[in-house]
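Listing of start_11.txt, compact mmCIF, C-alpha atoms
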# COMPACT_ATOMS: atom_id res chain seq x y z
CA MET A 1 171.48 122.32 45.44
CA CYS A 2 168.18 122.17 43.59
CA THR A 3 164.93 121.97 45.47
CA GLY A 4 163.35 120.62 42.28
CA LYS A 5 165.14 117.29 42.57
CA CYS A 6 163.83 116.92 46.10
CA SER A 7 160.32 117.83 44.90
CA ARG A 8 160.53 115.23 42.16
CA CYS A 9 161.59 112.46 44.58
CA ILE A 10 158.76 113.37 46.96
CA ALA A 11 156.14 113.45 44.20
CA ILE A 12 157.24 110.13 42.72
CA THR A 13 157.04 108.54 46.18
CA LEU A 14 153.60 110.03 46.91
CA TYR A 15 151.99 108.50 43.79
CA PRO A 16 152.16 104.83 44.88
CA LEU A 17 151.29 105.75 48.47
CA ALA A 18 148.11 107.50 47.28
CA LEU A 19 147.29 104.47 45.13
CA ILE A 20 147.74 102.13 48.11
CA CYS A 21 145.33 104.26 50.17
CA ILE A 22 142.72 104.27 47.40
CA ILE A 23 142.96 100.50 46.92
CA CYS A 24 142.79 99.78 50.66
CA ASN A 25 139.67 101.91 51.07
CA ILE A 26 137.95 100.29 48.09
CA VAL A 27 138.82 96.78 49.31
CA LEU A 28 137.42 97.62 52.77
CA PHE A 29 133.98 97.93 51.15
CA PHE A 30 134.09 94.21 50.28
CA PRO A 31 134.94 92.17 53.39
CA GLY A 32 135.69 88.60 52.47
CA GLY A 33 135.74 89.67 48.82
CA ASP A 34 131.93 89.63 48.74
CA ILE A 35 129.77 92.49 47.46
CA LYS A 36 126.67 91.42 49.40
CA TYR A 37 127.81 93.21 52.57
CA ALA A 38 128.15 96.50 50.71
CA LYS A 39 124.74 95.97 49.09
CA ASP A 40 123.11 95.24 52.44
CA GLY A 41 124.83 98.14 54.19
CA HIS A 42 126.81 95.88 56.54
CA ILE A 43 130.00 97.90 56.25
CA THR A 44 132.12 99.22 59.10
CA GLU A 45 131.23 102.86 59.69
CA GLU A 46 134.79 104.16 59.30
CA VAL A 47 135.02 102.65 55.81
CA ILE A 48 132.15 104.90 54.71
CA TYR A 49 134.14 107.97 55.86
CA MET A 50 136.50 107.14 52.95
CA GLY A 51 139.67 108.36 54.65
CA GLY A 52 141.85 106.33 52.31
CA LEU A 53 139.98 107.28 49.17
CA VAL A 54 139.47 111.00 49.77
CA GLY A 55 142.20 111.92 52.27
CA GLY A 56 145.19 109.69 51.67
CA GLY A 57 144.12 109.12 48.07
CA PHE A 58 142.81 112.08 46.11
CA MET A 59 144.00 114.92 48.37
CA VAL A 60 147.54 113.54 48.45
CA LEU A 61 147.37 112.80 44.72
CA ILE A 62 146.48 116.44 43.99
CA ALA A 63 149.46 117.53 46.10
CA ALA A 64 151.76 115.05 44.36
CA ILE A 65 150.69 116.18 40.90
CA TYR A 66 151.33 119.84 41.69
CA ILE A 67 154.66 119.08 43.38
CA ASN A 68 155.68 117.06 40.33
CA LEU A 69 154.62 119.87 37.97
CA THR A 70 156.61 122.35 40.04
CA GLU A 71 159.73 120.26 39.49
CA ALA A 72 159.07 119.92 35.77
CA ARG A 73 159.59 123.65 35.11
CA GLU A 74 163.40 123.62 34.90
CA CYS A 75 164.55 123.65 38.46
CA CYS A 76 161.14 124.27 39.97
CA GLY A 77 160.05 127.21 37.87
CA ASN A 78 160.16 130.15 40.22
CA ARG A 79 159.85 131.19 43.82
CA PHE A 80 156.09 131.64 43.56
CA GLY A 81 155.76 128.07 42.26
CA MET A 82 157.67 126.84 45.29
CA PHE A 83 155.43 128.92 47.54
CA LEU A 84 152.39 127.25 45.98
CA SER A 85 153.99 123.86 46.50
CA ILE A 86 153.94 124.61 50.24
CA ALA A 87 150.18 125.15 50.07
CA PHE A 88 149.60 121.98 48.06
CA ALA A 89 151.84 119.99 50.41
CA ALA A 90 149.69 121.32 53.28
CA VAL A 91 146.64 119.92 51.46
CA GLY A 92 148.48 116.61 51.31
CA VAL A 93 149.23 116.75 55.04
CA ALA A 94 145.55 117.45 55.80
CA GLY A 95 144.41 114.56 53.61
CA ALA A 96 146.92 112.13 55.08
CA LEU A 97 145.99 113.17 58.62
CA TYR A 98 142.31 112.59 57.81
CA SER A 99 143.17 109.13 56.49
CA PHE A 100 145.23 108.37 59.61
CA ILE A 101 142.50 109.49 62.01
CA VAL A 102 139.83 107.45 60.23
CA ALA A 103 142.12 104.39 60.25
CA VAL A 104 142.80 104.80 63.98
CA LEU A 105 139.05 105.04 64.63
CA GLY A 106 138.49 101.95 62.47
CA LEU A 107 141.01 99.99 64.50
CA ASN A 108 139.75 101.31 67.82
CA ASN A 109 136.07 100.58 67.16
CA GLY A 110 136.56 97.30 65.36
CA PRO A 111 134.53 95.88 62.49
CA LEU A 112 130.80 95.64 61.98
CA CYS A 113 129.97 91.94 62.06
CA LYS A 114 127.30 89.38 62.89
CA TYR A 115 127.76 88.82 66.61
CA ASP A 116 125.26 86.69 68.57
CA GLY A 117 122.93 86.75 65.57
CA MET A 118 122.86 90.56 65.29
CA TRP A 119 124.83 93.03 63.16
CA THR A 120 126.81 95.11 65.61
CA THR A 121 130.23 96.51 66.39
CA PRO A 122 131.09 94.26 69.36
CA PHE A 123 134.53 95.70 70.10
CA LYS A 124 133.54 99.38 70.04
CA ASN A 125 133.87 99.92 73.80
CA SER A 126 136.76 97.51 74.39
CA ASN A 127 139.48 100.20 74.25
CA SER A 128 141.19 98.20 71.49
CA THR A 129 141.90 95.25 73.79
CA TYR A 130 140.36 92.98 71.18
CA LEU A 131 143.44 93.53 69.01
CA ALA A 132 145.58 91.43 71.36
CA ASP A 133 142.97 88.74 72.11
CA GLN A 134 142.49 86.62 69.02
CA LYS A 135 140.01 84.39 70.86
CA LEU A 136 137.44 87.17 70.60
CA TRP A 137 137.79 87.37 66.83
CA VAL A 138 135.92 84.13 66.22
CA GLU A 139 132.82 85.67 67.82
CA CYS A 140 132.35 87.62 64.60
CA LYS A 141 130.60 84.94 62.55
CA GLU A 142 130.02 86.93 59.39
CA PRO A 143 131.81 88.17 57.26
CA LYS A 144 134.41 85.46 57.67
CA ASN A 145 137.76 86.72 59.07
CA VAL A 146 136.49 90.31 59.08
CA VAL A 147 138.59 91.25 62.11
CA GLN A 148 141.87 90.26 60.46
CA PHE A 149 140.67 91.86 57.22
CA ASN A 150 139.96 95.21 58.89
CA ILE A 151 143.09 95.17 61.06
CA GLY A 152 145.36 94.52 58.08
CA LEU A 153 143.85 97.19 55.86
CA PHE A 154 143.47 99.85 58.55
CA LEU A 155 147.08 99.27 59.69
CA THR A 156 148.20 99.64 56.07
CA LEU A 157 146.26 102.91 55.83
CA MET A 158 147.85 104.14 59.06
CA ALA A 159 151.40 103.33 57.94
CA THR A 160 150.85 104.79 54.47
CA SER A 161 149.32 107.99 55.78
CA CYS A 162 152.21 108.44 58.24
CA LEU A 163 154.64 108.28 55.32
CA GLN A 164 152.48 110.73 53.37
CA VAL A 165 152.46 113.23 56.26
CA LEU A 166 156.24 112.94 56.56
CA LEU A 167 156.85 113.43 52.83
CA CYS A 168 154.44 116.35 52.53
CA ALA A 169 156.01 118.00 55.58
CA ILE A 170 159.45 117.60 53.99
CA GLN A 171 158.06 119.19 50.81
CA MET A 172 156.76 122.12 52.85
CA ILE A 173 160.29 122.69 54.20
CA ASN A 174 161.78 122.14 50.75
CA GLY A 175 159.30 124.63 49.27
CA LEU A 176 160.19 127.14 51.94
CA PHE A 177 163.90 126.82 51.07
CA GLY A 178 163.07 127.17 47.38
CA CYS A 179 160.93 130.21 48.07
CA LEU A 180 163.44 131.97 50.34
CA PHE A 181 166.78 131.06 48.78
CA GLY A 182 165.85 130.50 45.16
CA VAL A 183 165.01 127.39 43.31
CA CYS A 184 168.47 126.41 42.05
CA ILE A 185 172.08 127.19 42.62
CA ASN A 186 173.77 126.92 39.25
CA LYS A 187 177.42 126.00 39.66
CA GLU A 188 178.27 127.17 36.15
CA GLN A 189 177.32 130.81 36.75
CA PRO A 190 180.07 133.13 38.09

Would you encode the structure as structure tokens?
Amino acid sequence: MCTGKCSRCIAITLYPLALICIICNIVLFFPGGDIKYAKDGHITEEVIYMGGLVGGGFMVLIAAIYINLTEARECCGNRFGMFLSIAFAAVGVAGALYSFIVAVLGLNNGPLCKYDGMWTTPFKNSNSTYLADQKLWVECKEPKNVVQFNIGLFLTLMATSCLQVLLCAIQMINGLFGCLFGVCINKEQP
């Protein structure tokens, strides 16, 4: 058994997940594919928290890079390297949890949109009931289809960050095994 192989699989899986989070957060700044809303400051508040960019993106990316480097040192380097991978995986968990919480808030509060001629967050106090009632979505006149836009991207951030938390938690356990029991069991040694 080599904990390095597990580390490598985790790191390789974390790279695209971090990229998805970064892309989702950047796209959320441009509802309807238009930059005028970002210029005018008509962006949903949770987008500005940058959960996908900072948390699920860069924090998880830092963890993935270190986890990958740990694996690259011939069966994970040493026990201290595996101990450090636990700390970096914990950074990944924290970042992914931040991304998840921001995405949940974004879904719960709903998008900022032009509603009855004013820029407001009309679904903020609806306890997320607007998610099931598509008739309410048309009340947001501008940006066009902003409710579907936000729901799709925030749900993607939620799913991605859940996978990131799971993978980083597995790496924490893997790192613990590598730290306690050694990084590799060589079958060729007597």

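Between Asn109 in chain A and the residues A:Ala18, A:Leu136, A:Leu131, A:Ile170, the shortest atom-to-atom distance, using only C-alpha atoms, involves A:Leu131.
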
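Nearest residue to Met50 in chain A among A:Tyr130, A:Leu14, A:Ile26, A:Gly32 is A:Ile26, counting all atoms listed in the file.
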
Exercise for the section: Find the spatial neighbours of Leu163 in chain A, counting only C-alpha atoms, within a cut-off of 12 Å - ignore same-chain residues fewer than 2 positions away - and output them as a PyMOL selection string. Expected result: chain A and resi 10+13-18+20-21+56+60+92-93+96-97+99-100+156-161+165-170

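Pairwise distance (CA of Ala11 in chain A, CA of Ile67 in chain A) equals 5.9 Å.
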
Exercise for the section: Determine, counting only C-alpha atoms, which protein, DNA and RNA residues have an atom within 9 Å of an atom of Leu19 in chain A; residues of the same chain fewer than 5 positions away are not included. Present the result as a list in words. Expected result: Leu14, Cys24, Leu53, Gly56, Gly57, Phe58 and Leu61 of chain A

Okay, now the selection with C-alpha atoms, as an mmCIF file, in the frame of the given file?
data_model
loop_
_atom_site.group_PDB
_atom_site.id
_atom_site.type_symbol
_atom_site.label_atom_id
_atom_site.label_comp_id
_atom_site.auth_asym_id
_atom_site.auth_seq_id
_atom_site.Cartn_x
_atom_site.Cartn_y
_atom_site.Cartn_z
ATOM 1 C CA LEU A 14 153.600 110.030 46.910
ATOM 2 C CA CYS A 24 142.790 99.780 50.660
ATOM 3 C CA LEU A 53 139.980 107.280 49.170
ATOM 4 C CA GLY A 56 145.190 109.690 51.670
ATOM 5 C CA GLY A 57 144.120 109.120 48.070
ATOM 6 C CA PHE A 58 142.810 112.080 46.110
ATOM 7 C CA LEU A 61 147.370 112.800 44.720
#

Fill in the blank from the handout: Residue with the minimum atom-to-atom distance to Ala89 in chain A, picked from A:Ile101, A:Ala63, A:Cys9, A:Ile22 with only C-alpha atoms counted, is A:Ala63
